Amino acid sequence: MKNKLFSRGIYTEGLRRLRVFGLILAAVGLLAEIAPPMVIKMEAAKYAANSLNDSYIPGASGFFATCYVLPAIVLLVVPLMTLVLFSSFNRRAYCDFCHSLPYTRSCIFISNVAAVMTWVLGLMVLCGASGILIRIAMPEFFALSFTGYGMYILTEILTALYVCFTVTLAASLTGTVFSNITLAALIFSFPRIMVWLVTQQINENMPLLCGNLYTPILSPRYNPVVALFYNTFDSDRTLNDWGPIIYAAVICVLYAGLSLFFFNRRKSETAGQPAPGRITQAVVRIALTMIPSAFGTVLIINGETALGIVMYILALIAYFAYEILSTLKWKNLLRSLPAIAAVVVLNFVLVGAIFAGTYFAKSYRPDADSIDSVRIVDLTDNSNTENYPNNAISKVKITDRSVIELVTTTLNNNLEYYEKRGFLPYVDPDDYENFKSITSSAYPDRYVNNNEKTFTEITVAFREGAVTRYRKIILTKDEFNIITEHLSKNESYRNAVMTLPEPVNGTFGLYGIDTDSDDQDELEEILETLQDEIFDVGFEKWYTRLVFGATGGYSDSITMYYSADASGTYEVRLTVTADEYPETFKKICELSWNKATGDLELMKAIENIPEGSKSESASCWWNIYAYVKDGSGEEAQHLWLYSYSTSTEDEYYDKQMNSAETLIKLIDDAAVNETEFSADSVAYFEMNVETDENSYFRCFYVPVPKGFDFEEAGFTEEGDDMYYYAD
């Protein structure tokens with residue numbers, strides 16, 4: 001009686017046949033996981049030894065930054081191992097031998113798949129665990145974040161199964177290694193390439209659409225392989241959303257069933273009778289040809305006729321080349337010619353899908369009365385566009401009729417504007433005179449000839465019954481303020497926007513200021529102060545700041561950053577302005593000042609600037625750049641103090657030395673007199689000093705004593721004659 005489901009012998013034989021391949025991959029995977037962290041550690045130590053700036057703030061290492069060999073195992077190792085076992089059935093002797101054994105074909109299939117997945121899971125555990133452990137051993141360089149690991153691992157396993165069953169399906173339908181690989185590649189890519197070409201062209205014709213959001217299941221993130229590839233470089237909601245995961249599971253079951261069905265029906269190789277039938281051969285040939293010809297069709301639609309014709313020629317070459325390489329019979333070329341008609345018909349279908357999709361997209365003009373709710377999915381123009389606050393606000397339903405009416409009216413105006421002009425209502429000062437004469441009810445004065453940002457772009461989800469449609473809309477600042485005013489009354493929305501994401505420990509930093517692991521507790525307290533001030537200042541100002549950003553230099557605003565967890569590890573950037581969040585701004589300045597004055601090596605280096613020419617190097621170079629608010633109430637000044645190749649023979653030696661000494665006096669006076677920081681009396685310094693013996697770059701804040709004159713001290717405004725060179 002035949003063993004019907006599983007054979008330990010076939011399973012063990014499969015493991016044995018893959019052992020050399022698996023052991024080599026295990027060694028390579030371990031090296032790939034362990035070597036990069038060690039290199040980072042050595043480079044950081046080398047940098048610290050040659051500079052006073054030895055700070056290092058680790059970014060949060062999520063799943064794909066910690067176990068980055070795993071995607072390679074799934075995308076490369078799984079298909080190779082599967083091909084090694086199942087391509088053997090392309091040989092007549094092996095195929096006949098296996099089918100003569102007292103096992104059903106289902107048993108042979110399941111046992112071989114189990115052997116592949118055992119090796120794959122073993123490699124994933126070995127490499128993943130090593131990547132995690134070495135980073136745990138280096139907390140000063142890596143802040144591990146384990147959020148979402150369960151979803152990530154589930155996706156990895158589902159994708160591995162999807163890849164495995166795709167290869168087995170191809171191997172069950174075709175009879176050579178070449179055709180196995182070709183068909184597997186087509187199953188992976190052909191549907192998504194066709195969908196991408198159609199949706200991309202529709203988006204080009206209708207730029208207010210939002211990628212594949214208007215048809216989520218057609219989005220690349222619903223393809224297990226594409227989603228995993230994307231997430232390897234940039235995490236998105238794919239792995240926090242059950243939709244793509246359920247889709248991947250369904251596809252796995254479907255491909256597993258088809259693979260088993262065709263493997264059971266597959267005939268043994270006989271002379272002159274390859275396993276793939278004529279229908280399979282024709283389908284592969286047509287699909288392979290359709291890819292370059294579809295690109296040619298889209299190019300011709302967009303006016304690139306010459307390049308489109310080249311793609312058609314490549315399509316014909318691919319058509320005939322595949323037939324020759326897969327059958328090795330020249331006489332089959334003539335017999336295969338009629339299938340070219342199918343390629344032509346499919347290209348007409350492609351064009352029809354593009355124009356039909358564009359027509360339906362443009363014809364959607366929502367009526368406020370028919371919309372149940374809207375969601376602001378993406379604040380496209382803010383610096384945190386992929387993460388905060390989008391993760392917080394994207395699921396909050398807005399039912400306020402005033403907001404719904406405003407966004408629907410704005411979308412309709414945007415569509416009217418686009419139809420009349422062929423472009424969206426972006427600010428374009430250079431073309432202002434050309435557009436000023438064009439009359440339209442939609443944004444007649446949108447083009448303003450100044451540098452102030454007068455618009456923003458947001459993505460809105462319109463919920464109408466059981467259907468959700470996604471569109472981008474362009475809002476003026478006044479229109480956005482109206483929305484903000486209404487949103488401020490929505491408590492769920494207010495809390496989502498104003499509640500800062502939880503940080504990953506050890507990942508705090510400040511742009512332009514040296515911080516390190518010793519400052520993390522104080523930076524967490526600063527974040528708590530900012531959170532309190534956000535609620536004190538109010539929703540409207542904070543929301544506008546997130547969307548339109550902050551103005552000013554380092555003396556007016558500071559950006560703090562840290563890693564947080566949502567759909568994956570990402571960086572949150574928060575701009576703190578002196579006028580709106582004074583307590584937070586002051587605490588950051590104090591942190592920087594205390595670190596600078598407490599760093600004896602730094603203070604000694606600054607004191608020794610005038611002595612650079614007397615050192616063994618016989619030269620000293622420095623570049624000091626300051627953003628200064630001197631307490632006068634005027635706007636911040638951008639000041640420089642620059643010196644190159646300082647020595648006693650230089651023409652400007654005395655002036656340079658006096659300037660350096662004045663800088664030292666500023667620091668000494670501020671320290672001795674315990675000068676306090678204020679919003680209009682602060683200086684931010686970037687100092688770069690080099691000699692042959694030493695070099696350093698440091699950034700820090702200094703409180704400005706009342707009455708200090710930077711011009712008299714030797715600083716010059718940006719644009720003045722600030723460069724002093726030796727003769």
# chains A, B, ... in the order shown; residues from 1 in each chain; ligands from 1

call {"tool": "residues_around", "arguments": {"residues": "Leu197 of chain A", "least_positions_apart": "3", "cutoff": "10 Å", "atoms": "only C-alpha atoms", "output": "MDAnalysis selection string"}}
result
chainID A and resid 192:194 200:203 291 294:295 298 350 354

call {"tool": "write_last_selection", "arguments": {"atoms": "C-alpha atoms", "output": "mmCIF file, in the first residue's frame"}}
result
data_model
loop_
_atom_site.group_PDB
_atom_site.id
_atom_site.type_symbol
_atom_site.label_atom_id
_atom_site.label_comp_id
_atom_site.auth_asym_id
_atom_site.auth_seq_id
_atom_site.Cartn_x
_atom_site.Cartn_y
_atom_site.Cartn_z
ATOM 1 C CA ARG A 192 1.876 42.902 -11.022
ATOM 2 C CA ILE A 193 3.661 44.418 -14.006
ATOM 3 C CA MET A 194 0.411 44.616 -15.955
ATOM 4 C CA GLN A 200 0.594 54.056 -13.186
ATOM 5 C CA GLN A 201 -0.748 55.384 -16.476
ATOM 6 C CA ILE A 202 -4.117 56.182 -14.907
ATOM 7 C CA ASN A 203 -2.283 58.076 -12.165
ATOM 8 C CA ILE A 291 5.702 42.534 -21.016
ATOM 9 C CA ALA A 294 2.923 46.544 -23.064
ATOM 10 C CA PHE A 295 5.709 48.962 -22.205
ATOM 11 C CA VAL A 298 2.316 52.828 -22.937
ATOM 12 C CA LEU A 350 -4.507 47.169 -22.010
ATOM 13 C CA ILE A 354 -6.191 52.571 -19.182
#

call {"tool": "atom_distance", "arguments": {"atom1": "atom CA of Ser189 of chain A", "atom2": "atom CA of Asn223 of chain A"}}
result
9.6 Å

call {"tool": "atom_distance", "arguments": {"atom1": "atom CA of Thr584 of chain A", "atom2": "atom CA of Arg698 of chain A"}}
result
21.5 Å

call {"tool": "closest_residue", "arguments": {"among": "A:Leu173, A:Leu487, A:Ala683, A:Leu325", "to": "Arg278 of chain A", "atoms": "only C-alpha atoms"}}
result
A:Leu173

call {"tool": "closest_residue", "arguments": {"among": "A:Ile10, A:Leu183, A:Leu218, A:Leu424", "to": "Thr280 of chain A", "atoms": "only C-alpha atoms"}}
result
A:Leu183

call {"tool": "closest_residue", "arguments": {"among": "A:Val504, A:Leu70, A:Ile324, A:Ala26", "to": "Glu524 of chain A", "atoms": "only C-alpha atoms"}}
result
A:Val504

call {"tool": "residues_around", "arguments": {"residues": "Thr459 of chain A", "least_positions_apart": "6", "cutoff": "6 Å", "atoms": "only C-alpha atoms", "output": "ChimeraX atom specification"}}
result
/A:376-378,471-472

call {"tool": "atom_distance", "arguments": {"atom1": "atom CA of Val177 of chain A", "atom2": "atom CA of Ala341 of chain A"}}
result
27.9 Å

call {"tool": "closest_residue", "arguments": {"among": "A:Ala339, A:Val225, A:Leu406, A:Val116", "to": "Leu316 of chain A", "atoms": "only C-alpha atoms"}}
result
A:Ala339

call {"tool": "residues_around", "arguments": {"residues": "Gly465 of chain A", "least_positions_apart": "6", "cutoff": "12 Å", "atoms": "only C-alpha atoms", "output": "ChimeraX atom specification"}}
result
/A:369-374

call {"tool": "write_last_selection", "arguments": {"atoms": "C-alpha atoms", "output": "mmCIF file, in the first residue's frame"}}
result
data_model
loop_
_atom_site.group_PDB
_atom_site.id
_atom_site.type_symbol
_atom_site.label_atom_id
_atom_site.label_comp_id
_atom_site.auth_asym_id
_atom_site.auth_seq_id
_atom_site.Cartn_x
_atom_site.Cartn_y
_atom_site.Cartn_z
ATOM 1 C CA ASP A 369 -24.584 64.843 1.034
ATOM 2 C CA SER A 370 -23.625 61.376 -0.209
ATOM 3 C CA ILE A 371 -20.408 61.126 1.867
ATOM 4 C CA ASP A 372 -20.777 59.378 5.225
ATOM 5 C CA SER A 373 -17.345 60.285 6.601
ATOM 6 C CA VAL A 374 -13.836 61.279 5.563
#

call {"tool": "closest_residue", "arguments": {"among": "A:Ile474, A:Ile24, A:Val125, A:Cys252", "to": "Phe423 of chain A", "atoms": "only C-alpha atoms"}}
result
A:Ile474

call {"tool": "decode", "arguments": {"residues": "segment 495-510 of chain A", "atoms": "N, CA and C atoms", "output": "PDB file, in the first residue's frame"}}
result
ATOM      1  N   ASN A 495      -6.638  64.354  20.115  1.00  0.00           N
ATOM      2  CA  ASN A 495      -5.728  63.508  20.890  1.00  0.00           C
ATOM      3  C   ASN A 495      -4.751  62.769  19.996  1.00  0.00           C
ATOM      4  N   ALA A 496      -5.220  62.324  18.826  1.00  0.00           N
ATOM      5  CA  ALA A 496      -4.344  61.597  17.908  1.00  0.00           C
ATOM      6  C   ALA A 496      -3.214  62.476  17.408  1.00  0.00           C
ATOM      7  N   VAL A 497      -3.525  63.747  17.136  1.00  0.00           N
ATOM      8  CA  VAL A 497      -2.507  64.662  16.606  1.00  0.00           C
ATOM      9  C   VAL A 497      -1.569  65.156  17.701  1.00  0.00           C
ATOM     10  N   MET A 498      -2.116  65.462  18.868  1.00  0.00           N
ATOM     11  CA  MET A 498      -1.326  66.137  19.906  1.00  0.00           C
ATOM     12  C   MET A 498      -0.590  65.178  20.837  1.00  0.00           C
ATOM     13  N   THR A 499      -0.931  63.903  20.800  1.00  0.00           N
ATOM     14  CA  THR A 499      -0.230  62.933  21.646  1.00  0.00           C
ATOM     15  C   THR A 499       0.982  62.398  20.900  1.00  0.00           C
ATOM     16  N   LEU A 500       2.150  62.690  21.421  1.00  0.00           N
ATOM     17  CA  LEU A 500       3.379  62.291  20.751  1.00  0.00           C
ATOM     18  C   LEU A 500       3.575  60.778  20.835  1.00  0.00           C
ATOM     19  N   PRO A 501       4.143  60.169  19.790  1.00  0.00           N
ATOM     20  CA  PRO A 501       4.388  58.714  19.812  1.00  0.00           C
ATOM     21  C   PRO A 501       5.366  58.333  20.914  1.00  0.00           C
ATOM     22  N   GLU A 502       5.201  57.145  21.437  1.00  0.00           N
ATOM     23  CA  GLU A 502       6.110  56.640  22.465  1.00  0.00           C
ATOM     24  C   GLU A 502       7.489  56.388  21.855  1.00  0.00           C
ATOM     25  N   PRO A 503       8.542  56.862  22.518  1.00  0.00           N
ATOM     26  CA  PRO A 503       9.892  56.689  21.949  1.00  0.00           C
ATOM     27  C   PRO A 503      10.482  55.319  22.249  1.00  0.00           C
ATOM     28  N   VAL A 504      11.388  54.903  21.395  1.00  0.00           N
ATOM     29  CA  VAL A 504      12.215  53.734  21.673  1.00  0.00           C
ATOM     30  C   VAL A 504      13.399  54.204  22.505  1.00  0.00           C
ATOM     31  N   ASN A 505      13.630  53.583  23.640  1.00  0.00           N
ATOM     32  CA  ASN A 505      14.682  54.016  24.555  1.00  0.00           C
ATOM     33  C   ASN A 505      16.043  54.066  23.868  1.00  0.00           C
ATOM     34  N   GLY A 506      16.750  55.165  24.136  1.00  0.00           N
ATOM     35  CA  GLY A 506      18.114  55.282  23.649  1.00  0.00           C
ATOM     36  C   GLY A 506      18.265  55.874  22.268  1.00  0.00           C
ATOM     37  N   THR A 507      17.169  56.385  21.673  1.00  0.00           N
ATOM     38  CA  THR A 507      17.248  56.862  20.290  1.00  0.00           C
ATOM     39  C   THR A 507      17.060  58.372  20.159  1.00  0.00           C
ATOM     40  N   PHE A 508      17.070  59.110  21.286  1.00  0.00           N
ATOM     41  CA  PHE A 508      16.883  60.554  21.230  1.00  0.00           C
ATOM     42  C   PHE A 508      18.110  61.247  20.658  1.00  0.00           C
ATOM     43  N   GLY A 509      17.874  62.306  19.916  1.00  0.00           N
ATOM     44  CA  GLY A 509      18.958  63.137  19.431  1.00  0.00           C
ATOM     45  C   GLY A 509      18.442  64.513  19.072  1.00  0.00           C
ATOM     46  N   LEU A 510      19.350  65.447  18.836  1.00  0.00           N
ATOM     47  CA  LEU A 510      19.012  66.817  18.454  1.00  0.00           C
ATOM     48  C   LEU A 510      19.825  67.178  17.227  1.00  0.00           C
TER      49      LEU A 510
END
